[in-house]
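S.K.: Quick one: the structure is below, and I'll ask about it shortly.
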Amino acid sequence: MKLQLTETKSWKALEAQHNAEKQTTIKDFFAQNTDRATELSINNLGIYFDFSKQRVSNQTVALLLELANECGLREKIDAMFRGDKINITENRSVLHTALRKPKNATLLIDGVDVVKQVHEVLEKMSGFANEIRSGAWKGFTGKPIKNIVNIGIGGSDLGPVMAYEALKFYAKHDLTFRYVSNVDGNDFAEAVRGMAPDETLFVVSSKTFTTLETMTNARTARTWLLQSLSDEKAVARHFVAVSTNEKEVAKFGIDTANMFGFWDWVGGRYSMDSAIGLSTMIAVGVANFYALLEGFNQMDEHFRTAPFNQNIPVIMGLLTVWNSNFVGAKTQAILPYENYLKRFPAYLQQLTMESNGKYVTLEGEKVTYSTSPIYWGEPGTNGQHSFYQLIHQGTDIIPCDFIGFKKPLNNLPPHQDYLIANMIAQGEALAFGKSAQAVAAEGVKAELIPHKVFEGNRPSSTFFLDTLTPQNLGKLIAMYEHSTYVQGVIWGINPFDQMGVELGKVLAQGIIAEMQTPNVQLQHDSSTNALIQFYQK
Ligand code: F6P
């Protein structure tokens with residue numbers, strides 16, 4: 001029988017380590033080791049990853065690396081890249097890393113070269129993106145496309161919208177991009193407000209092509225289009241599909257010649273660099289999309305080959321385990337000091353929490369430790385004028401990831417200096433705080449001193465890059481993808497299924513049926529019955 005995580009030798013050593021060092025503050029760690037900033041940082045792939053302001057000593061990092069070894073991380077990484085069916089509950093390979101392999105690579109899965117398949121789709125996407133961008137693709141009335149509306153939800157929305165926002169600087173600015181995800185009709189209504197149907201392209205993105213929200217929005221889009229163009233033949237010029245499900249695409253009425261495929265070995269939340277990125281490619285152009293893929297691939301290779309003590313996603317994942325299971329942090333803040341990354345925290349929420357928000361191990365046992373923290377965040381400096389109060393002086397420890405870039409895309413001095421100075425200052429303030437003595441020395445009245453003290457000892461990591469390019473975005477996303485995998489491996493859970501989203505969906509289907517059946521006898525609990533009745537009255 002497999003040893004419970006908490007019974008492993010390295011876990012027990014980490015518990016002892018935590019007990020021995022829990023009174024040692026980040027400030028103490030720095031005082032004890034003048035080389036700490038160098039020793040607890042990695043500078044590779046153009047990313048300066050500083051984790052010296054985490055609550056770890058070098059010894060703790062060494063023990064975390066032992067934990068990784070004891071949990072078989074090396075073999076688990078190899079198994080993922082090899083295409084083993086590591087998503088055991090769905091009996092699937094997990095091969096988002098194949099989506100960004102160069103064209104001359106090969107990877108045979110069940111006798112099929114998946115890299116070849118990937119590049120065939122990329123080429124089809126490139127041809128289509130170029131046609132839209134150049135105006136060669138004409139709508140039904142002969143006009144070029146000006147508006148691109150991606151309809152999708154979850155991984156079929158959050159990745160595209162995040163990437164569009166992140167790379168807006170590189171986008172073709174005479175095209176308008178909108179993203180519709182919510183089944184709330186307001187989302188669709190506002191997205192198409194003011195758009196001319198004959199200049200609008202809908203990209204219906206859904207891995208399964210059965211998702212209630214996406215199919216409802218897609219049908220509404222078709223009605224909206226046909227109300228104006230009054231001919232079913234218009235659908236072929238104004239709808240394309242991105243999916244793994246050819247049958248459902250055809251059933252919906254989209255010509256499968258206008259379908260861009262992907263495969264069951266790409267999880268929804270790991271799919272933004274598959275054909276799900278079609279709207280991204282149209283926005284930023286083919287070359288930039290390939291640069292994004294190149295960035296992903298560089299991080300993949302780093303993750304696959306770098307020794308664990310120099311491996312950015314490995315260290316990140318282990319720090320999350322440390323913070324969650326030993327320091328007792330329940331959440332993780334993502335704080336990009338880069339406004340273009342404003343949707344990055346939302347994107348990471350699905351990536352991390354749909355992956356590791358699980359209480360059952362691969363063996364089907366209930367875990368006896370915390371798994372995924374809650375990820376959340378907003379771009380700096382906006383957060384500083386809102387929730388940072390709680391990060392600095394609240395009762396919970398909230399590890400923070402600061403993400404910043406040296407060079408701004410829009411150079412408007414002195415903005416960048418102010419932005420980056422704030423990012424650096426926040427990490428310093430969190431780690432070192434401000435003592436009562438220092439407050440008193442400023443002449444603060446005695447009764448106010450406790451209010452103005454900053455305890456410090458609050459952990460953070462900083463990721464510093466040169467500038468926000470498509471390539472660097474690819475690296476950052478892959479970095480979090482792999483950190484998420486590392487966490488899942490240590491916790492012994494399956495990061496690649498999402499059974500926890502099913503129950504609510506099934507119950508909603510039942511309630512929809514009840515709402516549409518006159519005089520139905522409701523059989524729920526009294527609260528649910530009352531809510532349905534309240535809605536219907
Ligand atoms: O509800 C969860 C989920 O299955 C996600 O994992 C996925 O990204 C999203 O729904 C959308 O699914 P699809 O792309 O099949 O429409």
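Identifiers in the structure tokens: chain A, B, ... in order shown; residue index from 1 per chain; ligand index from 1 in order shown.
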Taking 2 positions as the minimum chain separation for residues in the same chain, which residues sit within 7 Å of Lys407 (chain A) when counting only C-alpha atoms? Answer as a PyMOL selection string.

M.R.: chain A and resi 405+409+466-467

S.K.: Taking all heavy atoms for each residue, export the selection above as a JSON list (two decimals), in the first residue's frame.

M.R.:
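What follows is the written file out.json:
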[["chain", "number", "residue", "atom", "x", "y", "z"],
["A", 405, "PHE", "N", 7.73, 43.82, -14.98],
["A", 405, "PHE", "CA", 8.58, 43.89, -16.18],
["A", 405, "PHE", "C", 9.42, 45.14, -16.12],
["A", 405, "PHE", "O", 8.94, 46.19, -15.67],
["A", 405, "PHE", "CB", 7.71, 43.90, -17.45],
["A", 405, "PHE", "CG", 6.89, 42.66, -17.60],
["A", 405, "PHE", "CD1", 5.65, 42.54, -16.97],
["A", 405, "PHE", "CD2", 7.36, 41.59, -18.34],
["A", 405, "PHE", "CE1", 4.90, 41.38, -17.08],
["A", 405, "PHE", "CE2", 6.62, 40.42, -18.45],
["A", 405, "PHE", "CZ", 5.38, 40.32, -17.82],
["A", 409, "LEU", "N", 5.62, 48.71, -22.17],
["A", 409, "LEU", "CA", 5.31, 48.69, -23.60],
["A", 409, "LEU", "C", 4.99, 50.11, -24.08],
["A", 409, "LEU", "O", 5.29, 50.46, -25.22],
["A", 409, "LEU", "CB", 4.16, 47.73, -23.87],
["A", 409, "LEU", "CG", 4.57, 46.25, -23.72],
["A", 409, "LEU", "CD1", 3.35, 45.34, -23.73],
["A", 409, "LEU", "CD2", 5.53, 45.85, -24.82],
["A", 466, "ASP", "N", 11.91, 41.09, -18.57],
["A", 466, "ASP", "CA", 12.35, 42.28, -19.30],
["A", 466, "ASP", "C", 11.16, 43.11, -19.78],
["A", 466, "ASP", "O", 10.98, 44.26, -19.39],
["A", 466, "ASP", "CB", 13.23, 41.85, -20.48],
["A", 466, "ASP", "CG", 13.80, 43.05, -21.18],
["A", 466, "ASP", "OD1", 14.49, 43.84, -20.51],
["A", 466, "ASP", "OD2", 13.53, 43.24, -22.39],
["A", 467, "THR", "N", 10.35, 42.52, -20.62],
["A", 467, "THR", "CA", 9.18, 43.24, -21.12],
["A", 467, "THR", "C", 8.10, 42.23, -21.49],
["A", 467, "THR", "O", 8.39, 41.04, -21.68],
["A", 467, "THR", "CB", 9.57, 44.15, -22.31],
["A", 467, "THR", "OG1", 8.50, 45.04, -22.59],
["A", 467, "THR", "CG2", 9.90, 43.38, -23.56]]

S.K.: May I have the residues within 10 Å of Glu365 (chain A) as a ChimeraX atom specification, using only C-alpha atoms and disregarding those fewer than 4 positions away in the same chain?

M.R.: /A:4,359-361,492-493

S.K.: Can you tell me which residues come within 10 Å of ligand 1 when counting only C-alpha atoms and all ligand atoms, ideally as a ChimeraX atom specification?

M.R.: /A:151-159,181,204-215,242-245,267-272,276,350-351,354-355,496-502,504-505

S.K.: Please extract the residues of region 6-241 of chain A with a backbone DSSP assignment of strand (DSSP E or B) and present them as a ChimeraX atom specification.

M.R.: /A:41-44,47-50,87,92,108-109,112-113,138,144,147-151,176-180,200-205,239-241

S.K.: Mind checking which residues fall within 9 Å of Pro345 (chain A), counting only C-alpha atoms, ignoring those fewer than 2 positions away in the same chain, and posting them as a PyMOL selection string?

M.R.: chain A and resi 333-336+341-343+347-349+375-379

S.K.: For Ser126 (chain A), which residue out of A:Ala283, A:Ala16, A:Ala79, A:Ala189 is the nearest one, using only C-alpha atoms?

M.R.: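 Comparing A:Ala283, A:Ala16, A:Ala79, A:Ala189 against Ser126 (chain A), the winner is A:Ala283.
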
S.K.: Which residues, written as a list in words, have at least one atom at most 10 Å from Leu278 (chain A), with only C-alpha atoms counted and residues fewer than 2 positions away on the same chain left out?

M.R.: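 In the requested format, the answer is Leu122, Met125, Ser126, Phe128, Ala129, Asn150, Pro160, Val203, Ser205, Val240, Ala241, Val242, Phe260, Met272, Asp273, Ser274, Ala275, Ile276, Thr280, Met281, Ile282, Ala283, Gly285, Val286 and Phe289 of chain A.
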
S.K.: Store the residues picked out above in a file with N, CA and C atoms, as a short mmCIF file (atom, residue, chain, number, x, y, z; two decimals), in the first residue's frame.

M.R.:
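As written to disk, part_27.cif reads:
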data_model
loop_
_atom_site.label_atom_id
_atom_site.label_comp_id
_atom_site.auth_asym_id
_atom_site.auth_seq_id
_atom_site.Cartn_x
_atom_site.Cartn_y
_atom_site.Cartn_z
N LEU A 122 -2.28 24.21 -36.70
CA LEU A 122 -1.68 25.56 -36.62
C LEU A 122 -1.62 26.20 -38.00
N MET A 125 -5.08 27.28 -38.95
CA MET A 125 -5.41 28.50 -38.19
C MET A 125 -4.69 29.71 -38.81
N SER A 126 -3.42 29.52 -39.17
CA SER A 126 -2.63 30.63 -39.71
C SER A 126 -3.26 31.16 -40.99
N PHE A 128 -6.34 30.95 -41.94
CA PHE A 128 -7.60 31.63 -41.64
C PHE A 128 -7.34 33.00 -40.99
N ALA A 129 -6.42 33.02 -40.02
CA ALA A 129 -6.12 34.29 -39.32
C ALA A 129 -5.64 35.32 -40.34
N ASN A 150 -15.51 35.78 -29.60
CA ASN A 150 -15.26 34.41 -29.15
C ASN A 150 -16.36 34.03 -28.18
N PRO A 160 -8.31 32.67 -23.93
CA PRO A 160 -8.39 33.67 -25.00
C PRO A 160 -8.54 35.10 -24.50
N VAL A 203 -16.51 33.01 -33.22
CA VAL A 203 -15.66 31.83 -33.06
C VAL A 203 -16.27 31.04 -31.89
N SER A 205 -16.10 28.38 -29.41
CA SER A 205 -14.99 27.59 -28.86
C SER A 205 -15.51 26.70 -27.74
N VAL A 240 -17.27 30.13 -37.17
CA VAL A 240 -16.31 29.03 -37.21
C VAL A 240 -16.34 28.35 -35.85
N ALA A 241 -15.87 27.11 -35.81
CA ALA A 241 -15.90 26.36 -34.55
C ALA A 241 -14.51 25.90 -34.18
N VAL A 242 -14.26 25.88 -32.88
CA VAL A 242 -13.04 25.29 -32.35
C VAL A 242 -13.48 24.20 -31.39
N PHE A 260 -11.75 24.05 -36.39
CA PHE A 260 -10.34 23.92 -36.02
C PHE A 260 -10.30 22.95 -34.85
N MET A 272 -5.27 27.09 -24.13
CA MET A 272 -5.25 28.40 -24.80
C MET A 272 -4.24 28.46 -25.94
N ASP A 273 -3.29 27.52 -25.96
CA ASP A 273 -2.31 27.52 -27.05
C ASP A 273 -2.66 26.48 -28.11
N SER A 274 -3.84 25.86 -27.98
CA SER A 274 -4.36 24.98 -29.05
C SER A 274 -5.18 25.85 -29.99
N ALA A 275 -6.04 25.23 -30.78
CA ALA A 275 -6.93 26.01 -31.66
C ALA A 275 -7.84 26.95 -30.86
N ILE A 276 -7.99 26.68 -29.56
CA ILE A 276 -8.76 27.59 -28.70
C ILE A 276 -8.14 29.00 -28.76
N THR A 280 -6.92 34.64 -30.44
CA THR A 280 -5.63 35.26 -30.07
C THR A 280 -4.77 35.43 -31.32
N MET A 281 -4.74 34.37 -32.13
CA MET A 281 -3.91 34.44 -33.34
C MET A 281 -4.44 35.51 -34.30
N ILE A 282 -5.76 35.60 -34.42
CA ILE A 282 -6.31 36.64 -35.31
C ILE A 282 -5.91 38.02 -34.76
N ALA A 283 -5.95 38.16 -33.45
CA ALA A 283 -5.65 39.47 -32.85
C ALA A 283 -4.19 39.86 -33.04
N GLY A 285 -1.67 38.14 -34.73
CA GLY A 285 -0.97 37.71 -35.94
C GLY A 285 -0.23 36.40 -35.73
N VAL A 286 0.08 35.78 -36.84
CA VAL A 286 0.64 34.42 -36.82
C VAL A 286 2.02 34.41 -36.14
N PHE A 289 1.81 34.67 -32.46
CA PHE A 289 1.26 33.46 -31.85
C PHE A 289 2.34 32.38 -31.76
#

S.K.: Can you pull out every residue within 10 Å of Ala438 (chain A), counting only C-alpha atoms, but drop anything in the same chain fewer than 3 positions away, and send it as a list of chain:residue names?

M.R.: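 Listed by chain and then number, they are A:Lys434, A:Ser435, A:Ala441, A:Glu442, A:Gly443, A:Val444, A:Ile449, A:Lys452, A:Val453.
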
S.K.: Pick out each residue of region 78-115 of chain A that DSSP on the backbone tags as alpha helix (DSSP H); I need them as a PyMOL selection string.

M.R.: chain A and resi 78-82+114-115

S.K.: Those same residues, written as an mmCIF file, in the first residue's frame with N, CA, C and O atoms?

M.R.:
data_model
loop_
_atom_site.group_PDB
_atom_site.id
_atom_site.type_symbol
_atom_site.label_atom_id
_atom_site.label_comp_id
_atom_site.auth_asym_id
_atom_site.auth_seq_id
_atom_site.Cartn_x
_atom_site.Cartn_y
_atom_site.Cartn_z
ATOM 1 N N ASP A 78 8.335 13.042 -16.327
ATOM 2 C CA ASP A 78 8.645 12.276 -17.547
ATOM 3 C C ASP A 78 7.376 11.624 -18.099
ATOM 4 O O ASP A 78 7.153 11.606 -19.305
ATOM 5 N N ALA A 79 6.560 11.100 -17.198
ATOM 6 C CA ALA A 79 5.332 10.411 -17.636
ATOM 7 C C ALA A 79 4.407 11.380 -18.366
ATOM 8 O O ALA A 79 3.797 11.033 -19.387
ATOM 9 N N MET A 80 4.322 12.620 -17.873
ATOM 10 C CA MET A 80 3.455 13.593 -18.541
ATOM 11 C C MET A 80 3.989 13.890 -19.942
ATOM 12 O O MET A 80 3.245 13.816 -20.924
ATOM 13 N N PHE A 81 5.270 14.209 -20.035
ATOM 14 C CA PHE A 81 5.842 14.570 -21.342
ATOM 15 C C PHE A 81 5.792 13.397 -22.323
ATOM 16 O O PHE A 81 5.679 13.596 -23.523
ATOM 17 N N ARG A 82 5.891 12.180 -21.791
ATOM 18 C CA ARG A 82 5.868 10.983 -22.645
ATOM 19 C C ARG A 82 4.485 10.713 -23.205
ATOM 20 O O ARG A 82 4.323 10.012 -24.184
ATOM 21 N N VAL A 114 1.486 13.156 -32.752
ATOM 22 C CA VAL A 114 0.602 14.255 -32.343
ATOM 23 C C VAL A 114 1.183 15.625 -32.705
ATOM 24 O O VAL A 114 0.440 16.583 -32.925
ATOM 25 N N VAL A 115 2.506 15.708 -32.797
ATOM 26 C CA VAL A 115 3.102 17.013 -33.146
ATOM 27 C C VAL A 115 2.734 17.364 -34.592
ATOM 28 O O VAL A 115 2.450 18.525 -34.917
#

S.K.: Just checking: using only C-alpha atoms, which residue out of A:Ala431, A:Ile86, A:Ala13, A:Ala98 ends up closest to Glu301 (chain A)?

M.R.: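 Checking each of A:Ala431, A:Ile86, A:Ala13, A:Ala98 against Glu301 (chain A), counting only C-alpha atoms, the winner is A:Ala98.
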
S.K.: Would you mind listing what lies within 8 Å of Pro373 (chain A) as a list in words, with only C-alpha atoms counted and same-chain residues fewer than 6 positions away left out?

M.R.: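 The residues that qualify are Ser324, Ala329, Lys330, Thr331, Gln332, Met353 and Gly357 of chain A.
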
S.K.: Go ahead and save the residues from that selection, with C-alpha atoms, as a CSV table (one decimal), in the first residue's frame.

M.R.:
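The file below, result10.csv, is the result:
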chain,number,residue,atom,x,y,z
A,324,SER,CA,-0.4,25.7,2.4
A,329,ALA,CA,-1.9,29.9,4.2
A,330,LYS,CA,-5.3,29.4,2.7
A,331,THR,CA,-5.0,31.7,-0.3
A,332,GLN,CA,-2.4,32.8,-2.8
A,353,MET,CA,-8.3,25.6,-8.6
A,357,GLY,CA,-9.3,21.8,-5.7

S.K.: Report, in Å to a single decimal, how far apart CA of Leu522 (chain A) and CA of Phe534 (chain A) are.

M.R.: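 According to the coordinates, CA of Phe534 (chain A) and CA of Leu522 (chain A) are separated by 12.6 Å.
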
S.K.: With only C-alpha atoms as the basis for distance, which of A:Leu293, A:Leu175, A:Leu319, A:Cys400 is at the shortest distance from Ser279 (chain A)?

M.R.: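 Using only C-alpha atoms, the shortest distance to Ser279 (chain A) belongs to A:Leu175.
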
S.K.: Rounded to one decimal, what separation in Å do you get between CA of Asn309 (chain A) and CA of Thr484 (chain A)?

M.R.: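 For CA of Asn309 (chain A) relative to CA of Thr484 (chain A), the distance reads 17.1 Å.
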
S.K.: From the set A:Asn33, A:Asn288, A:Asn182, A:Asn422, which residue has the shortest atom-to-atom contact distance to Gly474 (chain A), counting only C-alpha atoms?

M.R.: A:Asn288

S.K.: Please determine, counting only C-alpha atoms, which residue among A:Arg178, A:Lys406, A:Lys53, A:Lys247 has the shortest atom-to-atom distance to Thr469 (chain A).

M.R.: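 Smallest distance to Thr469 (chain A) is found for A:Lys406.
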
S.K.: Excluding region 62-75 of chain A and any residue of its chain fewer than 2 positions from it, enumerate the residues within 9 Å of it, using only C-alpha atoms, and give them as a compact mmCIF listing (two decimals) with N, CA, C and O atoms, in the first residue's frame.

M.R.:
# COMPACT_ATOMS: atom_id res chain seq x y z
N LEU A 5 0.96 10.63 2.25
CA LEU A 5 1.91 11.74 2.14
C LEU A 5 2.45 12.17 3.50
O LEU A 5 3.66 12.36 3.69
N THR A 8 5.32 10.14 5.00
CA THR A 8 6.62 10.00 4.35
C THR A 8 7.71 10.62 5.22
O THR A 8 7.45 11.51 6.04
N LYS A 9 8.94 10.15 4.95
CA LYS A 9 10.07 10.60 5.76
C LYS A 9 10.28 12.11 5.60
O LYS A 9 10.46 12.84 6.57
N SER A 10 10.18 12.58 4.34
CA SER A 10 10.46 14.00 4.11
C SER A 10 9.34 14.90 4.67
O SER A 10 9.61 16.02 5.12
N TRP A 11 8.13 14.42 4.65
CA TRP A 11 7.03 15.22 5.24
C TRP A 11 7.28 15.37 6.75
O TRP A 11 7.14 16.46 7.31
N ALA A 13 10.09 15.19 8.22
CA ALA A 13 11.25 16.08 8.40
C ALA A 13 10.82 17.54 8.23
O ALA A 13 11.30 18.43 8.95
N LEU A 14 9.92 17.78 7.32
CA LEU A 14 9.43 19.15 7.12
C LEU A 14 8.63 19.63 8.33
O LEU A 14 8.73 20.80 8.72
N GLN A 17 11.11 20.51 10.83
CA GLN A 17 11.76 21.75 10.40
C GLN A 17 10.87 22.96 10.71
O GLN A 17 11.34 23.99 11.19
N SER A 57 14.11 28.56 5.04
CA SER A 57 15.57 28.60 5.10
C SER A 57 16.09 27.71 3.96
O SER A 57 15.32 26.97 3.34
N ASN A 58 17.38 27.75 3.73
CA ASN A 58 17.97 26.86 2.72
C ASN A 58 17.68 25.40 3.06
O ASN A 58 17.43 24.58 2.18
N GLN A 59 17.69 25.12 4.36
CA GLN A 59 17.43 23.75 4.82
C GLN A 59 15.99 23.33 4.48
O GLN A 59 15.75 22.19 4.04
N THR A 60 15.06 24.26 4.62
CA THR A 60 13.66 23.94 4.28
C THR A 60 13.55 23.64 2.78
O THR A 60 12.88 22.69 2.37
N ILE A 77 7.00 13.79 -14.02
CA ILE A 77 7.21 14.78 -15.09
C ILE A 77 7.46 14.04 -16.40
O ILE A 77 6.85 14.33 -17.44
N ASP A 78 8.34 13.04 -16.33
CA ASP A 78 8.65 12.28 -17.55
C ASP A 78 7.38 11.62 -18.10
O ASP A 78 7.15 11.61 -19.31
N ALA A 79 6.56 11.10 -17.20
CA ALA A 79 5.33 10.41 -17.64
C ALA A 79 4.41 11.38 -18.37
O ALA A 79 3.80 11.03 -19.39
N MET A 80 4.32 12.62 -17.87
CA MET A 80 3.45 13.59 -18.54
C MET A 80 3.99 13.89 -19.94
O MET A 80 3.24 13.82 -20.92
N ARG A 304 11.26 20.27 -17.80
CA ARG A 304 11.58 18.86 -18.05
C ARG A 304 13.02 18.54 -17.70
O ARG A 304 13.32 17.43 -17.24
N PHE A 308 16.10 20.03 -10.06
CA PHE A 308 14.99 20.57 -9.27
C PHE A 308 15.38 21.83 -8.48
O PHE A 308 14.58 22.73 -8.30
N ASN A 309 16.61 21.90 -8.01
CA ASN A 309 16.97 23.08 -7.19
C ASN A 309 17.14 24.33 -8.04
O ASN A 309 17.29 25.42 -7.51
N VAL A 314 9.21 23.90 -10.34
CA VAL A 314 9.33 22.94 -9.23
C VAL A 314 9.41 23.69 -7.91
O VAL A 314 8.69 23.39 -6.95
N ILE A 315 10.27 24.69 -7.85
CA ILE A 315 10.41 25.46 -6.61
C ILE A 315 9.09 26.16 -6.27
O ILE A 315 8.63 26.15 -5.13
N LEU A 318 6.61 23.68 -4.88
CA LEU A 318 6.98 23.23 -3.54
C LEU A 318 6.72 24.33 -2.50
O LEU A 318 6.31 24.05 -1.37
N LEU A 319 6.96 25.57 -2.90
CA LEU A 319 6.68 26.68 -1.97
C LEU A 319 5.19 26.77 -1.66
O LEU A 319 4.78 27.07 -0.54
N VAL A 321 3.15 24.25 -1.61
CA VAL A 321 2.90 23.15 -0.67
C VAL A 321 3.33 23.59 0.74
O VAL A 321 2.60 23.43 1.72
N TRP A 322 4.51 24.17 0.84
CA TRP A 322 5.01 24.62 2.14
C TRP A 322 4.05 25.64 2.77
O TRP A 322 3.65 25.51 3.93
N VAL A 486 3.16 20.22 -10.24
CA VAL A 486 4.03 19.84 -9.12
C VAL A 486 3.20 19.71 -7.84
O VAL A 486 3.29 18.73 -7.10
N VAL A 489 1.13 16.58 -7.93
CA VAL A 489 1.95 15.37 -7.71
C VAL A 489 2.22 15.19 -6.21
O VAL A 489 2.07 14.10 -5.66
N ILE A 490 2.62 16.27 -5.54
CA ILE A 490 2.94 16.14 -4.11
C ILE A 490 1.68 15.73 -3.34
O ILE A 490 1.72 14.85 -2.48
N TRP A 491 0.56 16.36 -3.66
CA TRP A 491 -0.66 16.06 -2.92
C TRP A 491 -1.26 14.71 -3.32
O TRP A 491 -2.24 14.26 -2.72
N GLY A 492 -0.72 14.11 -4.40
CA GLY A 492 -1.18 12.77 -4.79
C GLY A 492 -2.57 12.78 -5.38
O GLY A 492 -3.32 11.80 -5.28

S.K.: Mind pulling up the distance from CA of Ile512 (chain A) to CA of His524 (chain A)?

M.R.: 13.4 Å
